[in-house]
>>> print(open('coords_37.cif').read())   # mmCIF, C-alpha atoms
data_final
#
loop_
_atom_site.group_PDB
_atom_site.id
_atom_site.type_symbol
_atom_site.label_atom_id
_atom_site.label_comp_id
_atom_site.auth_asym_id
_atom_site.auth_seq_id
_atom_site.Cartn_x
_atom_site.Cartn_y
_atom_site.Cartn_z
ATOM 1 C CA MET D 157 -95.702 -60.459 -7.470
ATOM 2 C CA LEU D 158 -96.157 -62.806 -10.432
ATOM 3 C CA CYS D 159 -99.688 -64.173 -10.724
ATOM 4 C CA GLY D 160 -101.484 -66.809 -12.752
ATOM 5 C CA ALA D 161 -100.785 -70.367 -13.799
ATOM 6 C CA TYR D 162 -97.468 -69.840 -15.599
ATOM 7 C CA ALA D 163 -94.344 -67.676 -15.401
ATOM 8 C CA SER D 164 -92.905 -66.625 -18.751
ATOM 9 C CA LEU D 165 -89.241 -65.957 -19.463
ATOM 10 C CA ASN D 166 -90.025 -62.264 -19.937
ATOM 11 C CA ASP D 167 -91.598 -62.203 -16.467
ATOM 12 C CA LEU D 168 -88.473 -63.719 -14.926
ATOM 13 C CA LEU D 169 -86.110 -61.422 -16.827
ATOM 14 C CA ALA D 170 -88.063 -58.328 -15.799
ATOM 15 C CA ILE D 171 -87.526 -59.171 -12.116
ATOM 16 C CA ARG D 172 -83.949 -57.940 -12.517
ATOM 17 C CA TYR D 173 -85.164 -54.334 -12.620
ATOM 18 C CA ARG D 174 -87.251 -54.364 -9.469
ATOM 19 C CA PRO D 175 -86.108 -51.643 -7.020
ATOM 20 C CA SER D 176 -85.920 -54.179 -4.174
ATOM 21 C CA LEU D 177 -83.093 -56.037 -5.942
ATOM 22 C CA SER D 178 -80.470 -53.322 -5.560
ATOM 23 C CA ALA D 179 -77.970 -55.312 -3.518
ATOM 24 C CA PRO D 180 -75.685 -53.485 -1.092
ATOM 25 C CA ARG D 181 -72.061 -53.499 -2.222
ATOM 26 C CA THR D 182 -68.861 -53.672 -0.269
ATOM 27 C CA ALA D 183 -65.418 -52.925 -1.602
ATOM 28 C CA ILE D 184 -64.427 -55.669 -4.030
ATOM 29 C CA ARG D 185 -60.961 -57.162 -3.870
ATOM 30 C CA HIS D 186 -59.303 -58.155 -7.092
ATOM 31 C CA GLY D 187 -58.170 -61.704 -7.624
ATOM 32 C CA VAL D 188 -59.302 -65.153 -8.693
ATOM 33 C CA ARG D 189 -61.127 -65.949 -5.447
ATOM 34 C CA ALA D 190 -62.159 -62.451 -4.497
ATOM 35 C CA GLY D 191 -65.777 -61.819 -3.591
ATOM 36 C CA ALA D 192 -68.113 -59.001 -2.715
ATOM 37 C CA ARG D 193 -69.114 -60.064 0.793
ATOM 38 C CA LEU D 194 -67.297 -60.481 4.052
ATOM 39 C CA SER D 195 -66.798 -64.051 5.132
ATOM 40 C CA LYS D 196 -67.769 -65.225 8.588
ATOM 41 C CA LEU D 197 -64.491 -67.121 8.621
ATOM 42 C CA ARG D 198 -61.900 -65.483 10.824
ATOM 43 C CA GLY D 199 -58.330 -65.396 9.695
ATOM 44 C CA ARG D 200 -55.415 -63.279 8.575
ATOM 45 C CA GLY D 201 -57.334 -61.156 6.134
ATOM 46 C CA ILE D 202 -57.651 -57.518 5.248
ATOM 47 C CA ASP D 203 -60.611 -56.197 7.235
ATOM 48 C CA PHE D 204 -60.188 -55.679 10.973
ATOM 49 C CA SER D 205 -62.810 -57.506 13.075
ATOM 50 C CA GLU D 206 -61.922 -57.281 16.770
ATOM 51 C CA VAL D 207 -59.282 -57.484 19.495
ATOM 52 C CA ARG D 208 -59.407 -60.448 21.854
ATOM 53 C CA LEU D 209 -57.202 -62.303 24.324
ATOM 54 C CA TYR D 210 -54.277 -64.112 22.752
ATOM 55 C CA GLN D 211 -54.884 -67.845 22.336
ATOM 56 C CA PRO D 212 -52.324 -70.606 21.739
ATOM 57 C CA GLY D 213 -51.775 -70.950 18.019
ATOM 58 C CA ASP D 214 -52.478 -67.295 17.174
ATOM 59 C CA ASP D 215 -50.003 -65.592 14.860
ATOM 60 C CA VAL D 216 -47.665 -63.493 17.040
ATOM 61 C CA ARG D 217 -47.539 -60.904 14.241
ATOM 62 C CA THR D 218 -51.147 -59.956 15.025
ATOM 63 C CA ILE D 219 -50.523 -59.127 18.695
ATOM 64 C CA ASP D 220 -51.891 -55.690 19.579
ATOM 65 C CA TRP D 221 -49.057 -54.321 21.722
ATOM 66 C CA ARG D 222 -50.928 -51.214 22.859
ATOM 67 C CA VAL D 223 -53.869 -53.197 24.263
ATOM 68 C CA THR D 224 -51.451 -55.763 25.666
ATOM 69 C CA ALA D 225 -49.513 -53.067 27.529
ATOM 70 C CA ARG D 226 -52.676 -51.364 28.778
ATOM 71 C CA LYS D 227 -54.345 -54.530 30.099
ATOM 72 C CA ASN D 228 -51.157 -56.368 31.030
ATOM 73 C CA LYS D 229 -52.376 -59.441 29.158
ATOM 74 C CA PRO D 230 -51.508 -60.460 25.591
ATOM 75 C CA HIS D 231 -54.211 -59.458 23.093
ATOM 76 C CA THR D 232 -54.337 -60.154 19.389
ATOM 77 C CA LYS D 233 -56.069 -58.533 16.441
ATOM 78 C CA VAL D 234 -58.527 -60.634 14.483
ATOM 79 C CA PHE D 235 -59.127 -59.960 10.818
ATOM 80 C CA ARG D 236 -61.940 -61.145 8.613
ATOM 81 C CA GLU D 237 -61.192 -62.262 5.104
ATOM 82 C CA GLU D 238 -63.352 -61.488 2.153
ATOM 83 C CA ARG D 239 -64.248 -64.714 0.433
ATOM 84 C CA GLU D 240 -66.312 -65.554 -2.591
ATOM 85 C CA ARG D 241 -69.597 -67.291 -1.866
ATOM 86 C CA PRO D 242 -71.077 -68.852 -5.017
ATOM 87 C CA THR D 243 -74.860 -69.140 -5.036
ATOM 88 C CA LEU D 244 -76.757 -72.215 -6.201
ATOM 89 C CA VAL D 245 -80.513 -71.838 -6.646
ATOM 90 C CA VAL D 246 -82.456 -75.120 -6.580
ATOM 91 C CA VAL D 247 -86.030 -74.758 -7.869
ATOM 92 C CA ASP D 248 -88.614 -77.543 -7.806
ATOM 93 C CA GLN D 249 -90.906 -77.479 -10.858
ATOM 94 C CA THR D 250 -92.506 -80.907 -10.525
ATOM 95 C CA GLN D 251 -96.169 -81.814 -10.476
ATOM 96 C CA SER D 252 -96.579 -81.299 -6.739
ATOM 97 C CA LEU D 253 -96.183 -77.548 -7.250
ATOM 98 C CA PHE D 254 -98.773 -77.322 -10.043
ATOM 99 C CA PHE D 255 -101.447 -76.328 -7.571
ATOM 100 C CA GLY D 256 -102.912 -73.099 -6.304
ATOM 101 C CA SER D 257 -106.169 -71.637 -5.028
ATOM 102 C CA ARG D 258 -105.363 -67.923 -4.813
ATOM 103 C CA ALA D 259 -103.517 -65.536 -7.108
ATOM 104 C CA ARG D 260 -101.043 -68.081 -8.490
ATOM 105 C CA LEU D 261 -99.784 -71.640 -8.441
ATOM 106 C CA LYS D 262 -96.963 -72.814 -6.214
ATOM 107 C CA SER D 263 -94.873 -73.444 -9.339
ATOM 108 C CA VAL D 264 -95.168 -69.762 -10.325
ATOM 109 C CA ALA D 265 -94.180 -68.632 -6.828
ATOM 110 C CA ALA D 266 -91.171 -70.981 -6.928
ATOM 111 C CA ALA D 267 -90.103 -69.607 -10.317
ATOM 112 C CA GLU D 268 -90.377 -66.017 -9.075
ATOM 113 C CA PHE D 269 -88.401 -66.729 -5.904
ATOM 114 C CA GLY D 270 -85.714 -68.500 -7.934
ATOM 115 C CA ALA D 271 -85.399 -65.556 -10.320
ATOM 116 C CA ILE D 272 -85.178 -63.078 -7.438
ATOM 117 C CA ALA D 273 -82.401 -65.113 -5.826
ATOM 118 C CA ALA D 274 -80.429 -65.392 -9.068
ATOM 119 C CA TRP D 275 -80.645 -61.702 -9.949
ATOM 120 C CA GLN D 276 -79.849 -60.484 -6.456
ATOM 121 C CA ALA D 277 -76.843 -62.795 -6.123
ATOM 122 C CA LEU D 278 -75.535 -61.522 -9.458
ATOM 123 C CA ALA D 279 -76.119 -57.924 -8.336
ATOM 124 C CA GLY D 280 -73.909 -58.722 -5.354
ATOM 125 C CA ASP D 281 -71.165 -59.830 -7.784
ATOM 126 C CA ASP D 282 -71.415 -63.493 -6.798
ATOM 127 C CA ARG D 283 -71.181 -66.456 -9.124
ATOM 128 C CA VAL D 284 -74.671 -67.845 -9.752
ATOM 129 C CA GLY D 285 -75.798 -71.295 -10.830
ATOM 130 C CA GLY D 286 -78.822 -73.470 -10.382
ATOM 131 C CA LEU D 287 -80.630 -76.753 -10.643
ATOM 132 C CA ILE D 288 -84.152 -76.905 -12.071
ATOM 133 C CA ILE D 289 -86.034 -80.124 -11.274
ATOM 134 C CA GLY D 290 -88.857 -80.687 -13.754
ATOM 135 C CA ASN D 291 -91.261 -83.560 -14.308
ATOM 136 C CA SER D 292 -89.164 -85.133 -17.051
ATOM 137 C CA ALA D 293 -85.771 -83.400 -16.903
ATOM 138 C CA THR D 294 -83.282 -81.953 -14.466
ATOM 139 C CA LEU D 295 -81.285 -79.013 -15.793
ATOM 140 C CA ALA D 296 -78.044 -77.995 -14.097
ATOM 141 C CA HIS D 297 -76.034 -74.786 -14.451
ATOM 142 C CA LYS D 298 -72.600 -74.373 -12.896
ATOM 143 C CA PRO D 299 -72.147 -71.102 -10.984
ATOM 144 C CA LEU D 300 -70.663 -68.342 -13.148
ATOM 145 C CA ARG D 301 -70.558 -64.582 -12.766
ATOM 146 C CA SER D 302 -72.414 -63.497 -15.892
ATOM 147 C CA VAL D 303 -75.809 -62.249 -17.018
ATOM 148 C CA ARG D 304 -75.798 -64.873 -19.765
ATOM 149 C CA THR D 305 -75.643 -67.676 -17.192
ATOM 150 C CA VAL D 306 -78.615 -66.272 -15.290
ATOM 151 C CA VAL D 307 -80.606 -65.849 -18.517
ATOM 152 C CA ARG D 308 -79.946 -69.482 -19.460
ATOM 153 C CA LEU D 309 -80.948 -70.602 -15.981
ATOM 154 C CA LEU D 310 -84.201 -68.626 -16.132
ATOM 155 C CA SER D 311 -84.893 -69.862 -19.663
ATOM 156 C CA ASP D 312 -84.772 -73.461 -18.416
ATOM 157 C CA LEU D 313 -86.851 -72.486 -15.406
ATOM 158 C CA ALA D 314 -89.541 -70.957 -17.644
ATOM 159 C CA ALA D 315 -89.473 -74.020 -19.931
ATOM 160 C CA CYS D 316 -89.986 -76.451 -17.039
ATOM 161 C CA ASN D 317 -92.747 -74.229 -15.699
ATOM 162 C CA ALA D 318 -94.494 -74.147 -19.086
ATOM 163 C CA ALA D 319 -94.283 -77.946 -19.352
ATOM 164 C CA LEU D 320 -96.501 -78.394 -16.286
ATOM 165 C CA SER D 321 -100.140 -79.177 -16.969
ATOM 166 C CA ARG D 322 -103.132 -80.838 -15.365
ATOM 167 C CA THR D 323 -102.363 -84.117 -17.131
ATOM 168 C CA SER D 324 -98.560 -84.162 -16.779
ATOM 169 C CA ARG D 325 -96.872 -86.395 -14.225
ATOM 170 C CA LEU D 326 -93.502 -86.714 -12.516
ATOM 171 C CA GLU D 327 -91.687 -89.521 -14.325
ATOM 172 C CA SER D 328 -90.722 -91.389 -11.170
ATOM 173 C CA ASP D 329 -89.851 -90.862 -7.549
ATOM 174 C CA SER D 330 -86.426 -92.428 -8.149
ATOM 175 C CA ARG D 331 -85.620 -89.870 -10.861
ATOM 176 C CA PHE D 332 -86.496 -87.088 -8.456
ATOM 177 C CA ARG D 333 -84.119 -88.591 -5.892
ATOM 178 C CA ASP D 334 -81.380 -88.851 -8.506
ATOM 179 C CA SER D 335 -81.917 -85.162 -9.272
ATOM 180 C CA LEU D 336 -81.227 -84.261 -5.651
ATOM 181 C CA VAL D 337 -77.947 -86.183 -5.777
ATOM 182 C CA LYS D 338 -76.828 -83.854 -8.587
ATOM 183 C CA ILE D 339 -76.913 -80.932 -6.164
ATOM 184 C CA ARG D 340 -73.977 -82.406 -4.246
ATOM 185 C CA ARG D 341 -71.956 -82.608 -7.466
ATOM 186 C CA LEU D 342 -72.450 -78.901 -8.113
ATOM 187 C CA VAL D 343 -71.768 -77.732 -4.556
ATOM 188 C CA HIS D 344 -68.358 -77.837 -2.907
ATOM 189 C CA THR D 345 -67.515 -75.801 0.208
ATOM 190 C CA GLY D 346 -68.520 -72.273 1.115
ATOM 191 C CA TYR D 347 -71.533 -72.131 -1.174
ATOM 192 C CA ARG D 348 -74.849 -70.475 -0.506
ATOM 193 C CA VAL D 349 -77.631 -72.906 -1.426
ATOM 194 C CA LEU D 350 -81.246 -71.797 -1.715
ATOM 195 C CA ALA D 351 -83.746 -74.663 -2.083
ATOM 196 C CA ILE D 352 -87.259 -73.700 -3.178
ATOM 197 C CA SER D 353 -89.998 -76.337 -3.025
ATOM 198 C CA ASP D 354 -93.034 -77.528 -1.117
ATOM 199 C CA PHE D 355 -90.862 -80.475 0.045
ATOM 200 C CA LEU D 356 -93.798 -82.893 -0.316
ATOM 201 C CA THR D 357 -92.047 -85.178 -2.827
ATOM 202 C CA ALA D 358 -89.336 -87.504 -1.471
ATOM 203 C CA THR D 359 -89.062 -85.598 1.822
ATOM 204 C CA ASP D 360 -86.519 -88.057 3.212
ATOM 205 C CA ALA D 361 -84.274 -87.623 0.155
ATOM 206 C CA TRP D 362 -84.522 -83.838 0.492
ATOM 207 C CA GLN D 363 -83.424 -84.105 4.111
ATOM 208 C CA ASP D 364 -80.495 -86.417 3.324
ATOM 209 C CA THR D 365 -79.250 -84.009 0.659
ATOM 210 C CA LEU D 366 -79.715 -80.859 2.723
ATOM 211 C CA ARG D 367 -78.103 -82.429 5.775
ATOM 212 C CA ALA D 368 -74.977 -83.197 3.745
ATOM 213 C CA LEU D 369 -74.871 -79.729 2.181
ATOM 214 C CA ALA D 370 -75.311 -77.916 5.497
ATOM 215 C CA ARG D 371 -72.031 -79.292 6.867
ATOM 216 C CA HIS D 372 -69.915 -76.890 4.817
ATOM 217 C CA ASN D 373 -72.356 -74.463 3.223
ATOM 218 C CA GLN D 374 -75.003 -71.897 4.072
ATOM 219 C CA VAL D 375 -78.357 -73.502 3.259
ATOM 220 C CA THR D 376 -81.745 -71.800 3.157
ATOM 221 C CA LEU D 377 -85.080 -73.522 2.580
ATOM 222 C CA ILE D 378 -88.063 -71.690 1.155
ATOM 223 C CA ARG D 379 -91.092 -73.857 1.811
ATOM 224 C CA LEU D 380 -94.057 -72.953 -0.384
ATOM 225 C CA SER D 381 -97.628 -73.804 0.498
ATOM 226 C CA ASP D 382 -101.062 -72.782 -0.681
ATOM 227 C CA PRO D 383 -103.696 -71.370 1.729
ATOM 228 C CA LEU D 384 -105.945 -74.292 0.776
ATOM 229 C CA GLU D 385 -103.305 -76.698 2.099
ATOM 230 C CA ARG D 386 -103.535 -75.068 5.522
ATOM 231 C CA GLU D 387 -107.297 -74.941 5.856
ATOM 232 C CA LEU D 388 -110.263 -76.539 4.099
ATOM 233 C CA PRO D 389 -112.606 -74.281 2.110
ATOM 234 C CA PRO D 390 -115.982 -73.095 3.473
ATOM 235 C CA ALA D 391 -118.438 -75.741 4.651
ATOM 236 C CA GLN D 392 -119.920 -77.315 1.527
ATOM 237 C CA ARG D 393 -119.761 -80.626 -0.271
ATOM 238 C CA TYR D 394 -116.831 -80.841 -2.705
ATOM 239 C CA THR D 395 -115.600 -83.224 -5.373
ATOM 240 C CA VAL D 396 -111.859 -83.379 -6.042
ATOM 241 C CA THR D 397 -109.780 -85.344 -8.521
ATOM 242 C CA ASP D 398 -106.112 -85.993 -9.259
ATOM 243 C CA GLY D 399 -106.896 -86.630 -12.922
ATOM 244 C CA ALA D 400 -107.493 -90.333 -12.383
ATOM 245 C CA ALA D 401 -109.668 -90.859 -9.302
ATOM 246 C CA ARG D 402 -112.414 -88.761 -7.701
ATOM 247 C CA TRP D 403 -113.259 -88.133 -4.053
ATOM 248 C CA GLN D 404 -116.140 -86.379 -2.335
ATOM 249 C CA PHE D 405 -116.071 -84.782 1.117
ATOM 250 C CA HIS D 406 -118.048 -82.333 3.216
ATOM 251 C CA ALA D 407 -115.873 -79.467 4.444
ATOM 252 C CA GLY D 408 -118.272 -78.681 7.289
ATOM 253 C CA ASN D 409 -117.158 -81.700 9.308
ATOM 254 C CA ALA D 410 -115.425 -80.159 12.345
ATOM 255 C CA GLY D 411 -113.283 -83.217 13.019
ATOM 256 C CA LEU D 412 -112.126 -83.371 9.406
ATOM 257 C CA ARG D 413 -111.203 -79.685 9.456
ATOM 258 C CA ARG D 414 -109.126 -80.123 12.624
ATOM 259 C CA ARG D 415 -107.291 -83.184 11.306
ATOM 260 C CA TYR D 416 -106.604 -81.435 8.024
ATOM 261 C CA ALA D 417 -105.137 -78.345 9.720
ATOM 262 C CA ARG D 418 -103.096 -80.419 12.175
ATOM 263 C CA ARG D 419 -101.543 -82.454 9.371
ATOM 264 C CA HIS D 420 -100.288 -79.258 7.737
ATOM 265 C CA GLU D 421 -99.021 -77.888 11.063
ATOM 266 C CA ARG D 422 -97.216 -81.163 11.751
ATOM 267 C CA ARG D 423 -95.453 -81.048 8.383
ATOM 268 C CA GLU D 424 -94.377 -77.460 8.991
ATOM 269 C CA ALA D 425 -93.135 -78.266 12.503
ATOM 270 C CA ASP D 426 -91.206 -81.343 11.346
ATOM 271 C CA LEU D 427 -89.433 -79.444 8.577
ATOM 272 C CA ALA D 428 -88.700 -76.478 10.837
ATOM 273 C CA SER D 429 -87.301 -78.828 13.499
ATOM 274 C CA PHE D 430 -85.105 -80.590 10.948
ATOM 275 C CA ALA D 431 -83.757 -77.257 9.696
ATOM 276 C CA ALA D 432 -83.011 -76.007 13.207
ATOM 277 C CA ALA D 433 -81.118 -79.209 14.048
ATOM 278 C CA TYR D 434 -78.674 -78.624 11.172
ATOM 279 C CA MET D 435 -78.492 -74.805 11.318
ATOM 280 C CA ILE D 436 -80.452 -74.448 8.085
ATOM 281 C CA ARG D 437 -82.537 -71.303 7.594
ATOM 282 C CA TYR D 438 -86.192 -72.221 7.184
ATOM 283 C CA LEU D 439 -88.616 -69.725 5.657
ATOM 284 C CA PRO D 440 -92.227 -70.749 4.996
ATOM 285 C CA TYR D 441 -94.172 -68.709 2.431
ATOM 286 C CA ALA D 442 -97.762 -68.954 1.216
ATOM 287 C CA THR D 443 -98.451 -68.458 -2.477
ATOM 288 C CA ASP D 444 -100.355 -65.247 -1.761
ATOM 289 C CA GLU D 445 -97.390 -63.685 0.085
ATOM 290 C CA PRO D 446 -94.867 -61.493 -1.764
ATOM 291 C CA ALA D 447 -91.199 -62.421 -1.798
ATOM 292 C CA LEU D 448 -88.957 -60.405 0.506
ATOM 293 C CA PRO D 449 -85.426 -61.089 -0.757
ATOM 294 C CA GLY D 450 -83.773 -59.284 2.135
ATOM 295 C CA ASP D 451 -85.027 -62.055 4.414
ATOM 296 C CA TRP D 452 -83.070 -64.822 2.738
ATOM 297 C CA LEU D 453 -80.149 -63.432 0.746
#
>>> encode(input="coords_37.cif", output="structure tokens")
Amino acid sequence: MLCGAYASLNDLLAIRYRPSLSAPRTAIRHGVRAGARLSKLRGRGIDFSEVRLYQPGDDVRTIDWRVTARKNKPHTKVFREERERPTLVVVDQTQSLFFGSRARLKSVAAAEFGAIAAWQALAGDDRVGGLIIGNSATLAHKPLRSVRTVVRLLSDLAACNAALSRTSRLESDSRFRDSLVKIRRLVHTGYRVLAISDFLTATDAWQDTLRALARHNQVTLIRLSDPLERELPPAQRYTVTDGAARWQFHAGNAGLRRRYARRHERREADLASFAAAYMIRYLPYATDEPALPGDWL
């Protein structure tokens, strides 16, 4: 697990050699649109899936005559095609993620998760691309099947991570929204999209974008939070600042602690409910939890 305030390019490149990133392989078909994973789409493909009752519109060439004769009802074979599934990794590296109270900042966790996703997708022989949303720039990479593409993606990710500081600011909320629109231009149909953020900036724009993507793609959300966002620190008087204004509060106030925890729980529940409504995988992680790539790739 990467720790600290920043993730260097060397850190992100080294993730490629972690033992947990050895992706399982299936037989690879040769061709322009061939891929390394079985598609969930059923059709006249190569790999046998099942035998079921014949339905109007089924290809008569796939009728299983032995099962048909045995059960006295027409049955057909169903095959599953192997299709390519390009991967697009969307990593938020804006000011909202430059925060952390244990082990590392949310921005470092996001960078690590993005690198894991990119390397594991490439290990599975998929095309890999990404979109890095920084405070002042949005960097897009079209999905390609090459180590060089992943290295360029991670180089931009490390650069956006290094640009974060206590005094830096997101240029504007509208620019962030425009960045999300770029995702739709990169994604077509049959993509695997992994969005990594705390989803605290422009939540409504995130939801509009993800809702549109989920219609024809497999979408997974990794929601990052810090333990301090879930629960206030021990009962003492604290002073906090955002770099411009200062606030004081007493963490021993029982009512304040309850309201604080409930606000976090409500945000989690709302995002989880949104994801469930559109068949989007939702995976919440705290910054002090290690990434388990098998859960989301």
>>> closest_residue(input="coords_37.cif", among="D:Ala432, D:Asp382, D:Leu427, D:Leu388", to="Gly256 in chain D", atoms="only C-alpha atoms")
D:Asp382
>>> resolve_selection(input="coords_37.cif", expression="the PyMOL selection byres ((chain D and resi 242-247) around 8)", output="MDAnalysis selection string")
chainID D and resid 240:241 248:249 266:267 270 273:274 277 282:289 299 313 343 346:353
>>> write_last_selection(input="coords_37.cif", atoms="C-alpha atoms", output="tab-separated table (two decimals), keeping the file's coordinate frame")
chain	number	residue	atom	x	y	z
D	240	GLU	CA	-66.31	-65.55	-2.59
D	241	ARG	CA	-69.60	-67.29	-1.87
D	248	ASP	CA	-88.61	-77.54	-7.81
D	249	GLN	CA	-90.91	-77.48	-10.86
D	266	ALA	CA	-91.17	-70.98	-6.93
D	267	ALA	CA	-90.10	-69.61	-10.32
D	270	GLY	CA	-85.71	-68.50	-7.93
D	273	ALA	CA	-82.40	-65.11	-5.83
D	274	ALA	CA	-80.43	-65.39	-9.07
D	277	ALA	CA	-76.84	-62.80	-6.12
D	282	ASP	CA	-71.42	-63.49	-6.80
D	283	ARG	CA	-71.18	-66.46	-9.12
D	284	VAL	CA	-74.67	-67.84	-9.75
D	285	GLY	CA	-75.80	-71.30	-10.83
D	286	GLY	CA	-78.82	-73.47	-10.38
D	287	LEU	CA	-80.63	-76.75	-10.64
D	288	ILE	CA	-84.15	-76.90	-12.07
D	289	ILE	CA	-86.03	-80.12	-11.27
D	299	PRO	CA	-72.15	-71.10	-10.98
D	313	LEU	CA	-86.85	-72.49	-15.41
D	343	VAL	CA	-71.77	-77.73	-4.56
D	346	GLY	CA	-68.52	-72.27	1.12
D	347	TYR	CA	-71.53	-72.13	-1.17
D	348	ARG	CA	-74.85	-70.47	-0.51
D	349	VAL	CA	-77.63	-72.91	-1.43
D	350	LEU	CA	-81.25	-71.80	-1.72
D	351	ALA	CA	-83.75	-74.66	-2.08
D	352	ILE	CA	-87.26	-73.70	-3.18
D	353	SER	CA	-90.00	-76.34	-3.02
>>> closest_residue(input="coords_37.cif", among="D:Ser302, D:Thr232, D:Ser252, D:Thr224", to="Tyr210 in chain D", atoms="only C-alpha atoms")
D:Thr232
>>> resolve_selection(input="coords_37.cif", expression="the PyMOL selection byres ((chain D and resi 431) around 10)", output="PDB file with C-alpha atoms, in the frame of the given file")
ATOM      1  CA  GLN D 363     -83.424 -84.105   4.111  1.00  0.00           C
ATOM      2  CA  LEU D 366     -79.715 -80.859   2.723  1.00  0.00           C
ATOM      3  CA  ARG D 367     -78.103 -82.429   5.775  1.00  0.00           C
ATOM      4  CA  ALA D 370     -75.311 -77.916   5.497  1.00  0.00           C
ATOM      5  CA  VAL D 375     -78.357 -73.502   3.259  1.00  0.00           C
ATOM      6  CA  THR D 376     -81.745 -71.800   3.157  1.00  0.00           C
ATOM      7  CA  LEU D 377     -85.080 -73.522   2.580  1.00  0.00           C
ATOM      8  CA  ALA D 425     -93.135 -78.266  12.503  1.00  0.00           C
ATOM      9  CA  ASP D 426     -91.206 -81.343  11.346  1.00  0.00           C
ATOM     10  CA  LEU D 427     -89.433 -79.444   8.577  1.00  0.00           C
ATOM     11  CA  ALA D 428     -88.700 -76.478  10.837  1.00  0.00           C
ATOM     12  CA  SER D 429     -87.301 -78.828  13.499  1.00  0.00           C
ATOM     13  CA  PHE D 430     -85.105 -80.590  10.948  1.00  0.00           C
ATOM     14  CA  ALA D 432     -83.011 -76.007  13.207  1.00  0.00           C
ATOM     15  CA  ALA D 433     -81.118 -79.209  14.048  1.00  0.00           C
ATOM     16  CA  TYR D 434     -78.674 -78.624  11.172  1.00  0.00           C
ATOM     17  CA  MET D 435     -78.492 -74.805  11.318  1.00  0.00           C
ATOM     18  CA  ILE D 436     -80.452 -74.448   8.085  1.00  0.00           C
ATOM     19  CA  ARG D 437     -82.537 -71.303   7.594  1.00  0.00           C
ATOM     20  CA  TYR D 438     -86.192 -72.221   7.184  1.00  0.00           C
ATOM     21  CA  LEU D 439     -88.616 -69.725   5.657  1.00  0.00           C
TER      22      LEU D 439
END
>>> resolve_selection(input="coords_37.cif", expression="the PyMOL selection byres ((chain D and resi 332-338) around 8)", output="ChimeraX atom specification")
/D:289,294,328-331,339-342,358,361-362,365
>>> atom_distance(input="coords_37.cif", atom1="CA of Ala400 in chain D", atom2="CA of Ser324 in chain D")
11.7 Å
>>> atom_distance(input="coords_37.cif", atom1="CA of Arg402 in chain D", atom2="CA of Arg322 in chain D")
14.4 Å
>>> atom_distance(input="coords_37.cif", atom1="CA of Ala265 in chain D", atom2="CA of Glu424 in chain D")
18.1 Å
>>> residues_near_point(input="coords_37.cif", point="(-57.4, -63.9, 24.9)", cutoff="10 Å", atoms="all atoms listed in the file", output="list in words")
Val207, Arg208, Leu209, Tyr210, Gln211, Pro212, Asp214, Lys229, Pro230, His231 and Thr232 of chain D
>>> residues_near_point(input="coords_37.cif", point="(-119.9, -82.1, 1.7)", cutoff="12 Å", atoms="only C-alpha atoms", output="PyMOL selection string")
chain D and resi 388-396+403-410+412-413
>>> residues_around(input="coords_37.cif", residues="Ala417 in chain D", least_positions_apart="6", cutoff="10 Å", atoms="all atoms listed in the file", output="ChimeraX atom specification")
/D:384-388
>>> residues_around(input="coords_37.cif", residues="Leu380 in chain D", least_positions_apart="6", cutoff="6 Å", atoms="all atoms listed in the file", output="ChimeraX atom specification")
/D:353-354,441-442
>>> closest_residue(input="coords_37.cif", among="D:Leu278, D:Val216, D:Val306, D:Leu300", to="Leu169 in chain D", atoms="all atoms listed in the file")
D:Val306
>>> closest_residue(input="coords_37.cif", among="D:Asn373, D:Thr443, D:Ser257, D:Ser381", to="His420 in chain D", atoms="all atoms listed in the file")
D:Ser381
>>> closest_residue(input="coords_37.cif", among="D:Ala447, D:Val303, D:Ala368, D:Ala163", to="Cys316 in chain D", atoms="only C-alpha atoms")
D:Ala163
